[in-house]
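Undergrad: Contents are PDB, C-alpha atoms; file name protein.pdb:
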ATOM      1  CA  MET A   1      69.101  39.232  97.099
ATOM      2  CA  ARG A   2      72.136  38.523  94.928
ATOM      3  CA  TRP A   3      75.510  39.181  96.534
ATOM      4  CA  PRO A   4      77.488  42.047  94.991
ATOM      5  CA  THR A   5      80.701  41.131  93.194
ATOM      6  CA  THR A   6      83.957  42.369  94.684
ATOM      7  CA  ASP A   7      84.136  45.152  92.095
ATOM      8  CA  GLU A   8      80.566  46.198  92.934
ATOM      9  CA  LEU A   9      81.410  46.091  96.639
ATOM     10  CA  ARG A  10      84.353  48.439  96.135
ATOM     11  CA  ALA A  11      82.092  50.915  94.336
ATOM     12  CA  LEU A  12      79.310  50.693  96.925
ATOM     13  CA  VAL A  13      81.544  51.036 100.009
ATOM     14  CA  PRO A  14      84.424  53.497  99.469
ATOM     15  CA  LEU A  15      87.354  53.035 101.855
ATOM     16  CA  PRO A  16      90.152  55.449 102.839
ATOM     17  CA  GLU A  17      93.113  55.663 100.488
ATOM     18  CA  GLY A  18      95.314  52.558 100.495
ATOM     19  CA  TYR A  19      92.611  50.219 101.824
ATOM     20  CA  ARG A  20      90.897  47.713  99.567
ATOM     21  CA  PHE A  21      88.365  44.898  99.647
ATOM     22  CA  GLU A  22      89.614  41.618  98.166
ATOM     23  CA  LYS A  23      87.786  38.727  96.573
ATOM     24  CA  LEU A  24      87.710  35.822  99.038
ATOM     25  CA  THR A  25      89.569  32.748  97.813
ATOM     26  CA  HIS A  26      90.369  29.433  99.459
ATOM     27  CA  ALA A  27      93.935  30.682  99.889
ATOM     28  CA  HIS A  28      92.647  33.339 102.316
ATOM     29  CA  ILE A  29      91.218  30.829 104.797
ATOM     30  CA  GLY A  30      94.467  29.925 106.589
ATOM     31  CA  PRO A  31      95.772  33.517 106.890
ATOM     32  CA  LEU A  32      92.374  34.785 108.036
ATOM     33  CA  ILE A  33      92.120  32.173 110.776
ATOM     34  CA  ALA A  34      95.687  32.832 111.947
ATOM     35  CA  ASN A  35      95.242  36.604 111.974
ATOM     36  CA  ILE A  36      91.808  36.639 113.604
ATOM     37  CA  LYS A  37      93.288  34.648 116.508
ATOM     38  CA  VAL A  38      95.751  37.511 116.998
ATOM     39  CA  TRP A  39      93.471  40.450 116.191
ATOM     40  CA  HIS A  40      90.470  39.257 118.199
ATOM     41  CA  PRO A  41      91.363  36.446 120.639
ATOM     42  CA  ASP A  42      87.955  36.740 122.340
ATOM     43  CA  MET A  43      86.421  34.931 119.351
ATOM     44  CA  SER A  44      87.658  31.534 120.539
ATOM     45  CA  VAL A  45      84.071  30.884 121.751
ATOM     46  CA  GLY A  46      80.666  32.225 120.819
ATOM     47  CA  VAL A  47      78.583  32.888 117.736
ATOM     48  CA  ASN A  48      81.524  34.061 115.603
ATOM     49  CA  SER A  49      84.001  31.364 116.623
ATOM     50  CA  GLY A  50      83.289  29.648 113.295
ATOM     51  CA  TYR A  51      85.616  32.151 111.625
ATOM     52  CA  LEU A  52      88.447  30.240 113.312
ATOM     53  CA  ARG A  53      87.508  26.928 111.632
ATOM     54  CA  GLU A  54      88.238  25.926 108.050
ATOM     55  CA  ASP A  55      85.059  23.854 107.744
ATOM     56  CA  TYR A  56      82.951  26.928 108.504
ATOM     57  CA  TYR A  57      84.252  28.678 105.393
ATOM     58  CA  LEU A  58      83.924  25.592 103.224
ATOM     59  CA  LYS A  59      80.351  24.822 104.287
ATOM     60  CA  ARG A  60      78.741  28.214 105.019
ATOM     61  CA  VAL A  61      80.650  31.045 103.329
ATOM     62  CA  ASN A  62      80.063  32.421  99.837
ATOM     63  CA  PHE A  63      82.938  32.207  97.329
ATOM     64  CA  GLU A  64      82.350  34.466  94.345
ATOM     65  CA  GLY A  65      81.899  32.431  91.186
ATOM     66  CA  GLU A  66      81.922  29.123  93.098
ATOM     67  CA  SER A  67      78.913  29.118  95.408
ATOM     68  CA  GLU A  68      75.965  31.223  96.470
ATOM     69  CA  ARG A  69      75.830  30.777 100.223
ATOM     70  CA  ASP A  70      74.326  33.133 102.771
ATOM     71  CA  ILE A  71      77.433  34.359 104.613
ATOM     72  CA  MET A  72      79.783  36.825 102.923
ATOM     73  CA  VAL A  73      83.387  37.179 104.110
ATOM     74  CA  VAL A  74      85.421  40.069 102.702
ATOM     75  CA  PRO A  75      89.187  40.296 103.326
ATOM     76  CA  ILE A  76      90.533  43.851 103.733
ATOM     77  CA  THR A  77      94.073  44.793 102.708
ATOM     78  CA  PHE A  78      96.291  47.831 103.066
ATOM     79  CA  LYS A  79      98.902  48.044 100.332
ATOM     80  CA  ASP A  80      98.422  44.303  99.667
ATOM     81  CA  GLU A  81      98.830  43.340 103.345
ATOM     82  CA  LEU A  82      95.882  41.538 105.004
ATOM     83  CA  ILE A  83      94.736  43.836 107.823
ATOM     84  CA  GLY A  84      91.113  42.948 108.453
ATOM     85  CA  VAL A  85      87.931  41.104 107.567
ATOM     86  CA  TRP A  86      84.278  42.039 107.255
ATOM     87  CA  SER A  87      81.420  39.550 107.298
ATOM     88  CA  PHE A  88      77.661  39.821 106.966
ATOM     89  CA  GLU A  89      74.795  37.414 106.345
ATOM     90  CA  ARG A  90      71.688  37.633 104.182
ATOM     91  CA  GLU A  91      68.295  36.351 105.331
ATOM     92  CA  MET A  92      66.470  35.705 102.094
ATOM     93  CA  ASP A  93      62.923  35.152 103.353
ATOM     94  CA  SER A  94      62.831  38.343 105.454
ATOM     95  CA  LEU A  95      64.914  40.433 103.006
ATOM     96  CA  ALA A  96      67.287  41.252 105.852
ATOM     97  CA  ILE A  97      71.048  41.621 106.294
ATOM     98  CA  TYR A  98      72.743  40.722 109.567
ATOM     99  CA  GLY A  99      76.064  42.455 110.156
ATOM    100  CA  ARG A 100      78.053  39.672 111.754
ATOM    101  CA  THR A 101      81.500  41.136 112.410
ATOM    102  CA  ILE A 102      84.179  43.652 111.442
ATOM    103  CA  ILE A 103      87.692  42.844 112.651
ATOM    104  CA  VAL A 104      90.673  45.113 112.018
ATOM    105  CA  ALA A 105      94.317  44.687 113.008
ATOM    106  CA  PRO A 106      95.180  46.913 115.998
ATOM    107  CA  ALA A 107      97.674  48.982 113.978
ATOM    108  CA  HIS A 108      94.877  50.066 111.601
ATOM    109  CA  ARG A 109      92.049  50.800 114.029
ATOM    110  CA  GLY A 110      92.799  54.521 113.866
ATOM    111  CA  ALA A 111      91.591  54.525 110.237
ATOM    112  CA  HIS A 112      87.991  54.065 111.508
ATOM    113  CA  LEU A 113      87.254  51.450 108.860
ATOM    114  CA  ALA A 114      84.180  50.239 110.739
ATOM    115  CA  ILE A 115      82.524  53.635 110.286
ATOM    116  CA  PHE A 116      83.180  53.631 106.525
ATOM    117  CA  ILE A 117      81.969  50.045 106.225
ATOM    118  CA  LEU A 118      78.801  50.470 108.298
ATOM    119  CA  LYS A 119      77.798  53.604 106.409
ATOM    120  CA  GLY A 120      78.354  51.769 103.131
ATOM    121  CA  THR A 121      76.325  48.749 104.204
ATOM    122  CA  GLU A 122      73.128  50.668 103.469
ATOM    123  CA  ASN A 123      74.266  51.002  99.838
ATOM    124  CA  ILE A 124      74.749  47.242  99.690
ATOM    125  CA  GLY A 125      71.377  46.547 101.275
ATOM    126  CA  ARG A 126      69.538  48.773  98.836
ATOM    127  CA  ALA A 127      71.436  47.345  95.855
ATOM    128  CA  MET A 128      70.496  43.823  96.978
ATOM    129  CA  GLY A 129      66.861  44.698  97.604
ATOM    130  CA  ALA A 130      67.032  44.296 101.382
ATOM    131  CA  ALA A 131      64.407  45.971 103.563
ATOM    132  CA  PHE A 132      66.069  45.706 106.978
ATOM    133  CA  MET A 133      69.564  45.514 108.485
ATOM    134  CA  TYR A 134      70.623  44.684 112.006
ATOM    135  CA  ALA A 135      73.747  44.058 114.068
ATOM    136  CA  MET A 136      74.819  43.404 117.634
ATOM    137  CA  ALA A 137      77.462  45.271 119.595
ATOM    138  CA  THR A 138      79.510  44.283 122.608
ATOM    139  CA  LEU A 139      79.013  46.183 125.853
ATOM    140  CA  LYS A 140      82.612  45.565 126.883
ATOM    141  CA  ILE A 141      83.842  48.631 124.999
ATOM    142  CA  PRO A 142      81.837  51.471 123.395
ATOM    143  CA  HIS A 143      83.577  51.531 119.974
ATOM    144  CA  ALA A 144      81.156  49.230 118.114
ATOM    145  CA  GLN A 145      78.153  51.008 119.647
ATOM    146  CA  ARG A 146      79.470  54.400 118.506
ATOM    147  CA  ALA A 147      80.245  53.134 115.010
ATOM    148  CA  LEU A 148      76.706  51.780 114.563
ATOM    149  CA  GLU A 149      75.109  54.927 115.971
ATOM    150  CA  ASN A 150      77.264  57.153 113.733
ATOM    151  CA  ALA A 151      76.143  55.058 110.748
ATOM    152  CA  GLY A 152      72.476  55.744 111.501
ATOM    153  CA  TYR A 153      71.562  52.461 113.165
ATOM    154  CA  ARG A 154      68.975  52.618 115.932
ATOM    155  CA  LEU A 155      69.434  51.021 119.336
ATOM    156  CA  VAL A 156      66.351  48.832 119.801
ATOM    157  CA  GLY A 157      67.250  46.850 122.907
ATOM    158  CA  PHE A 158      69.597  44.378 124.556
ATOM    159  CA  PHE A 159      69.943  40.618 124.307
ATOM    160  CA  PRO A 160      70.555  39.130 127.761
ATOM    161  CA  GLY A 161      73.059  36.313 127.435
ATOM    162  CA  TYR A 162      72.722  35.803 123.670
ATOM    163  CA  ASP A 163      76.425  35.191 123.074
ATOM    164  CA  ARG A 164      79.372  33.708 124.946
ATOM    165  CA  GLU A 165      82.785  35.241 125.681
ATOM    166  CA  GLU A 166      85.917  34.124 127.467
ATOM    167  CA  VAL A 167      85.879  36.812 130.158
ATOM    168  CA  SER A 168      89.163  35.661 131.714
ATOM    169  CA  PRO A 169      91.529  32.775 130.937
ATOM    170  CA  GLY A 170      89.467  29.591 130.964
ATOM    171  CA  VAL A 171      86.284  31.348 132.179
ATOM    172  CA  VAL A 172      83.419  31.542 129.671
ATOM    173  CA  LYS A 173      80.205  33.427 130.434
ATOM    174  CA  ARG A 174      77.128  34.469 128.528
ATOM    175  CA  VAL A 175      77.088  38.216 127.886
ATOM    176  CA  TYR A 176      74.675  41.044 127.166
ATOM    177  CA  GLN A 177      74.763  42.649 123.714
ATOM    178  CA  ALA A 178      73.190  45.803 122.301
ATOM    179  CA  VAL A 179      70.896  45.270 119.300
ATOM    180  CA  TYR A 180      70.916  47.875 116.520
ATOM    181  CA  ALA A 181      68.684  48.068 113.451
ATOM    182  CA  LYS A 182      68.162  50.152 110.321
ATOM    183  CA  LEU A 183      65.001  50.134 108.218
ATOM    184  CA  LEU A 184      65.522  50.502 104.467
ATOM    185  CA  VAL A 185      61.871  51.021 103.505
ATOM    186  CA  ALA A 186      59.472  53.846 104.318
ATOM    187  CA  GLU A 187      57.821  53.814 107.746
ATOM    188  CA  ASP A 188      54.384  53.587 106.119
ATOM    189  CA  GLU A 189      55.344  50.147 104.798
ATOM    190  CA  VAL A 190      55.631  48.853 108.365
ATOM    191  CA  LEU A 191      52.505  47.847 110.291
ATOM    192  CA  ARG A 192      52.458  49.187 113.855
ATOM    193  CA  PRO A 193      50.926  46.804 116.403
ATOM    194  CA  ASP A 194      47.486  47.500 117.818
ATOM    195  CA  PRO A 195      48.070  48.678 121.427
ATOM    196  CA  LYS A 196      45.224  46.444 122.668
ATOM    197  CA  ASN A 197      47.281  43.424 121.645
ATOM    198  CA  LEU A 198      50.235  44.417 123.862
ATOM    199  CA  THR A 199      50.733  43.718 127.527
ATOM    200  CA  SER A 200      51.276  46.791 129.689
ATOM    201  CA  ARG A 201      55.037  46.148 129.801
ATOM    202  CA  ALA A 202      55.273  45.538 126.063
ATOM    203  CA  LYS A 203      53.224  48.676 125.349
ATOM    204  CA  ALA A 204      55.411  50.846 127.612
ATOM    205  CA  LEU A 205      58.634  49.622 126.039
ATOM    206  CA  PHE A 206      57.270  49.862 122.492
ATOM    207  CA  GLU A 207      56.166  53.468 123.020
ATOM    208  CA  LEU A 208      59.550  54.313 124.505
ATOM    209  CA  LEU A 209      61.460  52.835 121.569
ATOM    210  CA  PHE A 210      59.051  53.770 118.776
ATOM    211  CA  PRO A 211      57.031  56.855 119.759
ATOM    212  CA  ASN A 212      54.192  57.608 117.390
TER     213      ASN A 212
END
Could you show the structure in this file as structure tokens?
TA:
Amino acid sequence: MRWPTTDELRALVPLPEGYRFEKLTHAHIGPLIANIKVWHPDMSVGVNSGYLREDYYLKRVNFEGESERDIMVVPITFKDELIGVWSFEREMDSLAIYGRTIIVAPAHRGAHLAIFILKGTENIGRAMGAAFMYAMATLKIPHAQRALENAGYRLVGFFPGYDREEVSPGVVKRVYQAVYAKLLVAEDEVLRPDPKNLTSRAKALFELLFPN
């Protein structure tokens, strides 16, 4: 599961005119942190709060030509101005890709970049040899849910209290998130569970989500 180069990424995930993926460099770290604080202040706590710390990039993030780490961070520009960031993570042993976050400056949210990016993620997954992709969406607003559904991801359930958010100034609570998935291999490559091995509740939910 080799990461695509920036040039390969641009070919695999076309963006609207004027928008462009950039190769992450160490010089991007400071501007990304400063802008994410403005674009998405809710990220001060929780699973993605690492994007606000320099050490997170230096220890965990892939830099093309320098390292081969499991988290990819892709700056997005519009006419050379930094307007967003996209990040996803590879899980080598399960051949999976976890869509971690897409953050866009408020002035550019009307360009629907998340829809373009999520649709293009399948191209990346197939090029890398991934078999499965998944992401989580906030239930605070419906935009991320719609973007994932429009990109062909399937709602498979909800995580109760998986992540943390600052729900009001100084008040942090655990929150529900919707879990979406997309299979990149044929259904006949996936083993369905034997119903006799499921509890009655597990069987009912499985049949609801994955009818035969």
Undergrad: So that I can see what lies close to His112 in chain A, please list as number ranges by chain the residues with an atom at most 12 Å from it, counting all atoms listed in the file and leaving out residues fewer than 6 positions away in the same chain.
TA: A: 15-16, 19, 84, 102-106, 118-119, 143-144, 146-148, 150-151
Undergrad: Kindly extract all protein, DNA and RNA residues lying within 10 Å of the coordinates (99.1, 49.3, 98.4) given in the file, considering all atoms listed in the file, and supply them as a PDB file with C-alpha atoms, in the frame of the given file.
TA:
ATOM      1  CA  GLU A  17      93.113  55.663 100.488  1.00  0.00           C
ATOM      2  CA  GLY A  18      95.314  52.558 100.495  1.00  0.00           C
ATOM      3  CA  TYR A  19      92.611  50.219 101.824  1.00  0.00           C
ATOM      4  CA  ARG A  20      90.897  47.713  99.567  1.00  0.00           C
ATOM      5  CA  THR A  77      94.073  44.793 102.708  1.00  0.00           C
ATOM      6  CA  PHE A  78      96.291  47.831 103.066  1.00  0.00           C
ATOM      7  CA  LYS A  79      98.902  48.044 100.332  1.00  0.00           C
ATOM      8  CA  ASP A  80      98.422  44.303  99.667  1.00  0.00           C
ATOM      9  CA  GLU A  81      98.830  43.340 103.345  1.00  0.00           C
TER      10      GLU A  81
END
Undergrad: For Glu91 in chain A, work out the shell of residues within 12 Å, counting only C-alpha atoms and skipping chain neighbours fewer than 2 positions away, then give it as a list in words.
TA: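 So, after excluding close chain neighbours, the residues are Met1, Arg2, Trp3, Arg69, Asp70, Ile71, Met72, Phe88, Glu89, Asp93, Ser94, Leu95, Ala96, Ile97, Tyr98, Gly99, Gly125, Met128, Gly129, Ala130, Ala131, Phe132, Met133 and Tyr134 of chain A.
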Undergrad: Using all atoms listed in the file, can you tell me which of A:Ile33, A:Val47, A:Leu209, A:Ile124 comes closest to Leu155 in chain A?
TA: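 Nearest to Leu155 in chain A: A:Leu209.
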Undergrad: Which residue gives the smallest distance to Ser67 in chain A among A:Ala135, A:Leu184, A:Leu24, A:Met92, with all atoms listed in the file counted?
TA: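 Result for the nearest residue to Ser67 in chain A: A:Leu24.
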Undergrad: If you measure from CA of Val156 in chain A to CA of Ala181 in chain A, what distance in Å do you get, rounded to one decimal?
TA: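 These two atoms are separated by 6.8 Å.
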Undergrad: Please report, as lines of an AutoDock Vina configuration file, the centre and edge lengths in Å to one decimal of an axis-aligned box covering all listed atoms of range 75-78 of chain A with 6 Å per side.
TA:
center_x = 92.7
center_y = 44.1
center_z = 103.2
size_x = 19.1
size_y = 19.5
size_z = 13.0
Undergrad: From the options A:Thr101, A:Ser44, A:Thr6, A:Asn35, which residue's atoms come nearest to Val172 in chain A, counting only C-alpha atoms?
TA: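 Distance minimum relative to Val172 in chain A lands on A:Ser44.
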Undergrad: The PyMOL selection byres ((chain A and resi 158) around 12) on the file shown: which residues, as a list in words?
TA: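 Selection result, ordered by chain and number: Ala135, Met136, Ala137, Thr138, Leu139, Gln145, Arg154, Leu155, Val156, Gly157, Phe159, Pro160, Gly161, Tyr162, Asp163, Val175, Tyr176, Gln177, Ala178, Val179, Tyr180 and Ala181 of chain A.
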Undergrad: Closest to Val171 in chain A among A:Ile141, A:Val45, A:Leu82, A:Leu205, using only C-alpha atoms?
TA: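 For Val171 in chain A, the nearest of the candidates is A:Val45.
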Undergrad: Specify as a VMD selection string each residue included when the PyMOL selection byres ((chain A and resi 42) around 12) is applied to this file.
TA: chain A and resid 36 to 41 43 to 49 51 to 52 103 138 140 163 to 173
Undergrad: For the structure shown, which residues end up in the PyMOL selection byres ((chain A and resi 14) around 8)? Put them as a ChimeraX atom specification, please?
TA: /A:10-13,15-16,116-117,120
Undergrad: Between CA of Pro195 in chain A and CA of Asn212 in chain A, what is the distance in Å, rounded to a tenth?
TA: 11.6 Å
